[in-house]
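Reproduced below: coords-v3.txt, with compact mmCIF, C-alpha atoms and all ligand atoms.
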```txt
# COMPACT_ATOMS: atom_id res chain seq x y z
CA MET G 1 -16.29 1.10 -1.14
CA ALA G 2 -19.54 1.61 -2.96
CA ARG G 3 -18.19 4.24 -5.31
CA SER G 4 -15.79 1.70 -6.79
CA ASP G 5 -18.72 -0.21 -8.19
CA TRP G 6 -19.75 2.38 -10.69
CA ARG G 7 -16.43 4.00 -11.23
CA ARG G 8 -15.15 3.52 -14.75
CA LEU G 9 -12.15 1.25 -14.83
CA ASP G 10 -9.54 0.86 -17.48
CA GLU G 11 -6.30 -1.02 -17.94
CA SER G 12 -4.29 1.78 -16.46
CA ASP G 13 -6.42 2.29 -13.40
CA VAL G 14 -5.08 1.68 -9.95
CA ARG G 15 -6.44 1.13 -6.51
CA VAL G 16 -4.49 3.80 -4.81
CA ARG G 17 -3.24 3.13 -1.34
CA PRO G 18 -0.02 5.07 -0.84
CA GLY G 19 2.58 3.80 1.59
CA LYS G 20 2.62 0.19 0.55
CA GLY G 21 6.17 -0.94 0.06
CA THR G 22 5.39 -4.33 -1.37
CA ARG G 23 5.36 -5.35 -5.00
CA PRO G 24 2.04 -7.02 -5.66
CA ARG G 25 2.13 -9.41 -8.59
CA SER G 26 -0.93 -9.57 -10.74
CA LYS G 27 0.09 -12.56 -12.83
CA ARG G 28 2.91 -14.76 -11.72
CA ARG G 29 3.74 -17.30 -14.40
CA PRO G 30 5.91 -20.19 -13.36
CA ALA G 31 7.45 -20.25 -16.84
CA HIS G 32 9.30 -17.03 -16.00
CA ALA G 33 10.24 -17.81 -12.42
CA ASP G 34 13.83 -16.78 -13.18
CA ALA G 35 12.87 -13.36 -14.57
CA SER G 36 14.80 -10.28 -13.43
CA PRO G 37 12.84 -7.45 -11.80
CA ALA G 38 13.51 -4.03 -13.30
CA MET G 39 12.22 -0.48 -13.43
CA VAL G 40 11.37 1.22 -16.73
CA THR G 41 13.44 4.41 -17.07
CA ALA G 42 12.62 5.48 -20.62
CA LYS G 43 10.41 4.54 -23.51
CA ASP G 44 10.80 5.08 -27.22
CA ARG G 45 8.26 3.50 -29.55
CA GLY G 46 8.73 -0.25 -29.36
CA ARG G 47 11.70 -0.18 -27.00
CA TRP G 48 11.96 0.37 -23.28
CA THR G 49 15.05 1.12 -21.22
CA CYS G 50 14.95 -0.74 -17.92
CA ALA G 51 17.19 -0.65 -14.86
CA VAL G 52 17.62 -4.18 -13.53
CA ASP G 53 16.93 -4.21 -9.77
CA ALA G 54 16.38 -0.46 -10.17
CA ASP G 55 20.17 -0.16 -10.40
CA PRO G 56 21.04 2.72 -12.76
CA GLU G 57 24.31 0.98 -13.64
CA ARG G 58 22.41 -1.98 -15.09
CA ALA G 59 20.52 -0.47 -18.01
CA VAL G 60 18.92 -2.94 -20.40
CA THR G 61 16.99 -2.36 -23.62
CA ALA G 62 13.86 -4.48 -23.82
CA MET G 63 10.88 -5.18 -26.02
CA ARG G 64 7.41 -6.20 -24.92
CA ALA G 65 6.83 -9.94 -24.96
CA ARG G 66 4.18 -11.05 -27.41
CA GLU G 67 2.08 -12.49 -24.59
CA LEU G 68 1.55 -8.99 -23.16
CA GLY G 69 -0.26 -7.86 -26.29
CA ARG G 70 -0.67 -4.12 -26.16
CA THR G 71 -0.39 -3.82 -22.38
CA PRO G 72 0.80 -0.25 -21.76
CA ILE G 73 4.27 0.00 -20.24
CA VAL G 74 5.44 3.43 -19.10
CA VAL G 75 8.32 5.04 -17.27
CA GLY G 76 8.31 4.01 -13.63
CA ASP G 77 6.64 0.67 -14.28
CA ARG G 78 8.06 -2.27 -12.38
CA VAL G 79 8.52 -5.12 -14.80
CA ASP G 80 10.06 -8.56 -15.09
CA LEU G 81 12.63 -9.25 -17.81
CA VAL G 82 13.75 -12.47 -19.46
CA GLY G 83 16.25 -13.17 -22.21
CA ASP G 84 19.45 -11.21 -22.55
CA VAL G 85 19.59 -8.87 -19.56
CA SER G 86 23.33 -8.28 -19.89
CA GLY G 87 22.81 -4.79 -21.22
CA ARG G 88 25.56 -5.32 -23.80
CA PRO G 89 25.31 -3.30 -27.03
CA ASP G 90 22.62 -4.64 -29.37
CA SER G 91 21.27 -7.00 -26.70
CA LEU G 92 17.53 -7.10 -26.25
CA ALA G 93 15.56 -8.43 -23.29
CA ARG G 94 11.83 -9.14 -23.14
CA ILE G 95 9.35 -7.66 -20.71
CA VAL G 96 7.10 -10.52 -19.61
CA ARG G 97 5.26 -8.97 -16.68
CA VAL G 98 4.12 -5.55 -15.51
CA ASP G 99 3.45 -5.10 -11.82
CA GLU G 100 0.32 -3.50 -10.51
CA ARG G 101 0.86 0.24 -10.24
CA THR G 102 0.86 2.12 -6.95
CA SER G 103 0.31 5.51 -8.60
CA VAL G 104 -0.30 7.01 -12.02
CA LEU G 105 0.12 10.37 -13.73
CA ARG G 106 -1.84 10.90 -16.91
CA ARG G 107 -1.12 13.42 -19.57
CA THR G 108 -3.95 15.20 -21.37
CA ALA G 109 -5.19 14.21 -24.76
CA ASP G 110 -3.58 16.30 -27.49
CA ASP G 111 -3.52 16.81 -31.24
CA THR G 112 -1.55 13.67 -31.90
CA ASP G 113 -3.42 11.40 -29.50
CA PRO G 114 -7.06 11.87 -28.49
CA TYR G 115 -6.75 9.75 -25.33
CA GLU G 116 -5.48 10.55 -21.89
CA ARG G 117 -2.70 8.13 -21.15
CA VAL G 118 -0.55 7.23 -18.20
CA VAL G 119 2.92 8.72 -18.65
CA VAL G 120 4.46 7.99 -15.27
CA ALA G 121 3.79 5.01 -13.03
CA ASN G 122 4.68 4.37 -9.41
CA ALA G 123 6.09 7.80 -8.58
CA GLU G 124 5.74 8.40 -4.86
CA GLN G 125 5.57 12.14 -5.17
CA LEU G 126 5.08 14.91 -7.69
CA LEU G 127 7.35 17.89 -7.35
CA ILE G 128 5.40 20.90 -8.59
CA VAL G 129 8.03 23.48 -9.49
CA THR G 130 6.73 27.04 -9.49
CA SER G 131 8.64 30.29 -9.45
CA LEU G 132 7.59 33.00 -7.00
CA ALA G 133 8.32 35.66 -9.62
CA ASP G 134 9.45 36.00 -13.22
CA PRO G 135 7.20 34.33 -14.24
CA PRO G 136 4.65 34.81 -11.45
CA PRO G 137 3.08 31.72 -9.87
CA ARG G 138 0.03 30.23 -11.58
CA THR G 139 -2.20 28.83 -8.90
CA GLY G 140 -4.59 27.29 -11.43
CA PHE G 141 -1.73 25.15 -12.67
CA ILE G 142 -0.75 24.17 -9.12
CA ASP G 143 -4.36 23.26 -8.34
CA ARG G 144 -4.61 20.99 -11.36
CA CYS G 145 -1.35 19.32 -10.42
CA LEU G 146 -2.81 18.69 -6.96
CA VAL G 147 -5.91 17.11 -8.51
CA ALA G 148 -3.67 14.88 -10.62
CA CYS G 149 -1.84 13.86 -7.44
CA TYR G 150 -4.93 13.16 -5.37
CA SER G 151 -6.59 11.17 -8.13
CA GLY G 152 -3.41 9.30 -9.09
CA GLY G 153 -2.10 8.44 -5.65
CA LEU G 154 0.97 10.71 -5.49
CA GLN G 155 2.13 12.91 -2.66
CA PRO G 156 2.29 16.49 -3.96
CA VAL G 157 5.25 18.66 -2.98
CA LEU G 158 5.41 22.35 -3.82
CA CYS G 159 8.81 23.57 -4.86
CA LEU G 160 8.86 27.37 -4.91
CA THR G 161 11.87 28.80 -6.72
CA LYS G 162 13.38 32.30 -6.96
CA SER G 163 12.61 33.27 -3.37
CA ASP G 164 15.29 35.92 -3.75
CA LEU G 165 12.86 37.76 -6.05
CA ALA G 166 9.61 37.46 -4.06
CA ASP G 167 8.38 36.39 -0.66
CA PRO G 168 6.72 32.95 -0.55
CA GLY G 169 4.37 33.89 2.31
CA GLU G 170 1.26 34.68 0.29
CA LEU G 171 1.47 31.59 -1.88
CA LEU G 172 2.21 29.33 1.07
CA ALA G 173 -0.80 30.79 2.90
CA SER G 174 -3.14 29.95 0.03
CA TYR G 175 -2.09 26.29 0.30
CA ALA G 176 -1.94 26.10 4.08
CA ASP G 177 -5.38 24.49 4.34
CA LEU G 178 -4.27 21.70 2.02
CA ALA G 179 -1.23 20.91 4.17
CA VAL G 180 0.90 20.36 1.08
CA PRO G 181 4.61 20.08 1.93
CA ALA G 182 6.52 23.02 0.47
CA ILE G 183 10.19 23.63 -0.21
CA VAL G 184 11.48 27.11 -0.98
CA THR G 185 14.64 27.52 -3.04
CA ARG G 186 16.72 30.35 -4.48
CA HIS G 187 19.37 30.35 -7.12
CA ASP G 188 22.21 31.39 -4.82
CA GLU G 189 21.66 28.59 -2.30
CA GLU G 190 22.14 24.86 -2.53
CA PRO G 191 18.80 22.99 -2.66
CA THR G 192 19.68 20.92 0.39
CA GLU G 193 16.14 20.46 1.67
CA LEU G 194 14.98 19.42 -1.78
CA ARG G 195 17.81 16.93 -2.06
CA ASP G 196 16.78 15.37 1.24
CA ARG G 197 13.16 15.23 0.13
CA LEU G 198 14.04 13.37 -3.07
CA ALA G 199 16.68 11.01 -1.69
CA GLY G 200 15.75 7.36 -2.00
CA ARG G 201 12.36 8.15 -3.56
CA VAL G 202 10.86 8.06 -7.02
CA SER G 203 9.65 11.58 -7.77
CA ALA G 204 8.01 12.99 -10.87
CA LEU G 205 8.80 16.58 -11.73
CA VAL G 206 6.67 19.18 -13.45
CA GLY G 207 6.97 22.89 -14.11
CA HIS G 208 6.50 25.53 -16.78
CA SER G 209 9.48 26.74 -18.75
CA GLY G 210 11.30 29.55 -17.03
CA VAL G 211 10.51 28.50 -13.46
CA GLY G 212 14.00 27.15 -12.91
CA LYS G 213 13.22 23.46 -13.23
CA SER G 214 16.21 22.73 -15.47
CA THR G 215 18.49 24.62 -13.11
CA LEU G 216 17.26 22.48 -10.25
CA VAL G 217 17.65 19.25 -12.18
CA ASN G 218 21.21 20.19 -13.14
CA ARG G 219 22.02 20.87 -9.51
CA LEU G 220 20.45 17.63 -8.35
CA LEU G 221 22.11 15.63 -11.12
CA PRO G 222 25.62 17.02 -11.49
CA ASP G 223 26.50 13.98 -13.63
CA ALA G 224 24.40 15.30 -16.49
CA GLY G 225 26.45 13.28 -19.00
CA LEU G 226 24.94 10.08 -17.63
CA ALA G 227 21.43 11.44 -17.99
CA THR G 228 21.98 12.60 -21.53
CA GLY G 229 23.62 9.31 -22.42
CA GLU G 230 20.60 7.34 -21.28
CA VAL G 231 18.22 9.39 -23.34
CA SER G 232 20.28 9.14 -26.52
CA ALA G 233 20.82 5.42 -25.93
CA ILE G 234 17.14 4.70 -26.37
CA GLY G 235 16.70 7.27 -29.12
CA LYS G 236 19.40 5.59 -31.23
CA GLY G 237 20.18 8.92 -32.80
CA ARG G 238 16.64 9.56 -33.99
CA HIS G 239 15.07 12.85 -33.08
CA THR G 240 12.09 11.69 -31.12
CA SER G 241 10.30 13.52 -28.37
CA VAL G 242 10.85 11.84 -25.04
CA SER G 243 7.68 12.03 -22.99
CA ALA G 244 9.21 11.05 -19.69
CA VAL G 245 12.59 9.84 -18.50
CA ALA G 246 13.76 8.61 -15.11
CA LEU G 247 17.14 9.95 -14.02
CA PRO G 248 19.05 8.43 -11.11
CA LEU G 249 19.94 10.67 -8.18
CA PRO G 250 23.46 10.43 -6.76
CA SER G 251 21.98 9.82 -3.31
CA GLY G 252 19.66 7.05 -4.51
CA GLY G 253 16.15 7.43 -5.83
CA TRP G 254 14.96 8.72 -9.18
CA VAL G 255 13.67 11.93 -10.65
CA ILE G 256 11.26 11.48 -13.53
CA ASP G 257 11.17 14.50 -15.78
CA THR G 258 8.22 14.96 -18.11
CA PRO G 259 9.47 17.36 -20.79
CA GLY G 260 7.00 16.35 -23.48
CA VAL G 261 3.95 16.54 -21.23
CA ARG G 262 1.99 19.74 -21.70
CA SER G 263 -0.45 19.22 -18.86
CA PHE G 264 -1.90 16.44 -16.81
CA GLY G 265 -5.12 14.75 -17.80
CA LEU G 266 -8.00 15.38 -15.48
CA ALA G 267 -10.99 14.58 -17.69
CA HIS G 268 -11.21 11.10 -16.19
CA VAL G 269 -11.11 12.37 -12.62
CA ASN G 270 -14.13 11.61 -10.50
CA PRO G 271 -14.96 14.29 -7.89
CA ASP G 272 -15.31 11.53 -5.30
CA ASP G 273 -11.67 10.57 -5.81
CA ILE G 274 -10.61 14.07 -4.86
CA VAL G 275 -12.87 14.07 -1.81
CA LEU G 276 -11.10 10.90 -0.65
CA ALA G 277 -7.95 12.97 -0.22
CA PHE G 278 -9.86 14.99 2.39
CA PRO G 279 -10.74 12.39 5.03
CA GLU G 280 -13.00 14.65 7.07
CA PHE G 281 -15.37 14.98 4.11
CA ALA G 282 -15.29 11.43 2.79
CA GLU G 283 -18.12 10.12 4.95
CA ALA G 284 -20.42 13.07 4.27
CA ALA G 285 -19.89 12.65 0.52
CA GLU G 286 -21.77 9.35 0.77
CA GLU G 287 -24.86 11.36 1.73
CA CYS G 288 -24.68 13.55 -1.36
CA PRO G 289 -27.18 13.11 -4.19
CA SER G 290 -26.06 10.77 -6.94
CA GLY G 291 -23.70 12.54 -9.33
CA CYS G 292 -22.98 15.39 -6.94
CA GLY G 293 -19.96 17.38 -8.08
CA HIS G 294 -19.49 18.66 -4.50
CA LEU G 295 -19.07 22.23 -5.71
CA GLY G 296 -21.87 23.48 -3.46
CA PRO G 297 -24.58 25.96 -4.47
CA PRO G 298 -25.55 26.87 -7.11
CA GLU G 299 -24.09 23.87 -9.02
CA ASP G 300 -24.70 21.32 -6.29
CA PRO G 301 -27.27 22.85 -3.90
CA ASP G 302 -27.78 19.62 -1.92
CA CYS G 303 -24.10 18.86 -1.40
CA ALA G 304 -23.64 17.37 2.07
CA LEU G 305 -20.11 18.67 2.50
CA ASP G 306 -21.41 22.01 3.75
CA ASP G 307 -22.93 20.21 6.74
CA VAL G 308 -19.48 19.10 7.87
CA VAL G 309 -18.37 22.71 8.08
CA LYS G 310 -21.64 23.83 9.71
CA SER G 311 -21.25 21.19 12.40
CA GLY G 312 -17.75 22.45 13.13
CA GLU G 313 -16.07 19.18 12.15
CA ALA G 314 -14.04 20.83 9.40
CA ARG G 315 -12.60 24.25 8.85
CA PRO G 316 -14.25 26.37 6.14
CA GLY G 317 -10.84 26.85 4.53
CA ARG G 318 -10.55 23.12 3.92
CA LEU G 319 -13.85 22.98 2.08
CA ALA G 320 -13.01 26.10 0.10
CA SER G 321 -9.69 24.58 -0.93
CA LEU G 322 -11.30 21.27 -1.83
CA ARG G 323 -13.87 23.05 -3.98
CA ARG G 324 -11.23 25.16 -5.65
CA LEU G 325 -9.49 21.95 -6.71
CA LEU G 326 -12.73 20.39 -7.93
CA ALA G 327 -13.46 23.49 -9.99
CA SER G 328 -9.96 23.54 -11.45
CA ARG G 329 -10.55 20.24 -13.22
CA ALA G 330 -12.33 22.06 -15.99
CA GLY G 331 -9.42 24.34 -16.77
CA LEU G 332 -6.49 23.61 -19.02
CA ASP G 333 -3.02 24.87 -18.39
CA VAL G 334 -0.51 24.31 -21.13
CA LEU G 335 3.05 23.87 -19.95
ZN ZN I 1 -21.60 16.72 -2.65
```
Output the file's structure in the form of structure tokens.
Ligand code: ZN
Amino acid sequence: MARSDWRRLDESDVRVRPGKGTRPRSKRRPAHADASPAMVTAKDRGRWTCAVDADPERAVTAMRARELGRTPIVVGDRVDLVGDVSGRPDSLARIVRVDERTSVLRRTADDTDPYERVVVANAEQLLIVTSLADPPPRTGFIDRCLVACYSGGLQPVLCLTKSDLADPGELLASYADLAVPAIVTRHDEEPTELRDRLAGRVSALVGHSGVGKSTLVNRLLPDAGLATGEVSAIGKGRHTSVSAVALPLPSGGWVIDTPGVRSFGLAHVNPDDIVLAFPEFAEAAEECPSGCGHLGPPEDPDCALDDVVKSGEARPGRLASLRRLLASRAGLDVL
């Protein structure tokens, strides 16, 4: 695609094509042919916790092999381990390879780090937890999460909590044109549908405090002792902020919580990447003037996306929703 040519690339970029179940290898070195595949479940400074064969029972602490230099390795990364992969106390394996990522979530730059960085790799979906009341839903936050999903290659899923306090109809209607899957929960009912949605998948989780995210996680992960144990195992008693941690679900699959992430980085997002998530507009976007932000008049008076609606090939609501997302990139919502 032509837009790839001028798009800025970096080490954490991905060619996003969701649905691929394979594990592409960027660099296969014969020297490590006997390496063990693993998934990174937590990270703390120079140490990573990895689950060998993505088996939560086989947790191994690992360091980054010298040959990888400063290659970023984040929670959700699929890696290859050599050395002591027994997982015994004080054992240390080495990460010798990092697989190409199928998706990425970036956090925003903040006071301690001026760069947007990938915090979660390879999550299939992002569960956007929002309460219907107390506190009221923040659609700007939801929109920015959607942009992060569309640009990073994740399937967004709305999880609307506290439906015993307010009706979800209005909020669901405002996202109907985006066809985002939605799950409605309430505190006095088991989150059965949510459980089914997460089973066997790797899902990242985001939500403001007070929306009931912790309550949900505790219900999904009744064995909270295991989760806590994993976090403290990598922290070695130090009080460090954990930016993301993958927790195994009883039914298979993983939930990746992002407690230290205040909001997702969107500064890098190219408007064209968002348009790609709306197939009916992708072709017309090629006709837009160079650098078109696709917001329409007055910002982008010659945007070709309006023609798609005028010709009847797309519903006006789809374009309005797409433009709302594009506009939301500029905002900042602190978790
Ligand atoms: Zn345009």
ask   = Out of G:Glu124, G:Asp272, G:Glu116, G:Asp44, which residue has the shortest atom-to-atom distance to ligand ZN 1 (chain I) when counting all atoms listed in the file?
value =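 The closest residue to ligand ZN 1 (chain I) is G:Asp272.
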ask   = If you count all atoms listed in the file, which residues fall within 12 Å of Leu194 in chain G, apart from same-chain ones fewer than 5 positions away, as a list in words?
value = Leu127, Ile128, Val129, Val157, Leu158, Cys159, Leu160, Thr161, Pro181, Ala182, Ile183, Val184, Thr185, Arg186, Glu189, Ala199, Arg201, Ser203, Leu216, Val217, Arg219, Leu220, Leu249, Ser251 and Val255 of chain G
query = Which residue out of G:Val206, G:Gly152, G:Val275, G:Asp99 has the minimum interatomic distance to Thr71 in chain G when all atoms listed in the file are used?
reply =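 For Thr71 in chain G, the nearest of the candidates is G:Asp99.
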query = Once you count all atoms listed in the file, which residues end up within 6 Å of ligand ZN 1 (chain I), and could you hand them over as a PyMOL selection string?
reply = chain G and resi 285+288+292-294+303-305
Coordinates-based distance that separates CA of Glu313 in chain G from CA of Ala148 in chain G (Å, one decimal) =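 Rounded to one decimal, the two atoms are 26.3 Å apart.
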query = Which residue, G:Val119, G:Leu68, G:Ala35, G:Ala54, has the smallest gap to Val85 in chain G when you use only C-alpha atoms?
reply = G:Ala35
task = Counting all atoms listed in the file, write as a VMD selection string all protein and nucleic acid residues lying at most 7 Å from (11.9, 4.9, -14.3) in the file's frame.
result = chain G and resid 39 to 42 75 to 77 245 to 246 256
key: Atomic separation - CA of Asp196 in chain G relative to CA of Asp143 in chain G, Å   =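 One can read the CA of Asp143 in chain G to CA of Asp196 in chain G distance as 24.5 Å.
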ask   = What separation in Å, quoted to one decimal, exists between CA of Lys162 in chain G and CA of Glu193 in chain G?
value =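 Interatomic distance here is 14.9 Å.
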So that all listed atoms of range 65-73 of chain G fit with 8 Å spare on each side, what axis-aligned box centre and edge lengths in Å, to one decimal, would you give as JSON?
```
{"center_x": 3.1, "center_y": -6.2, "center_z": -23.8, "size_x": 23.5, "size_y": 28.5, "size_z": 23.2}
```
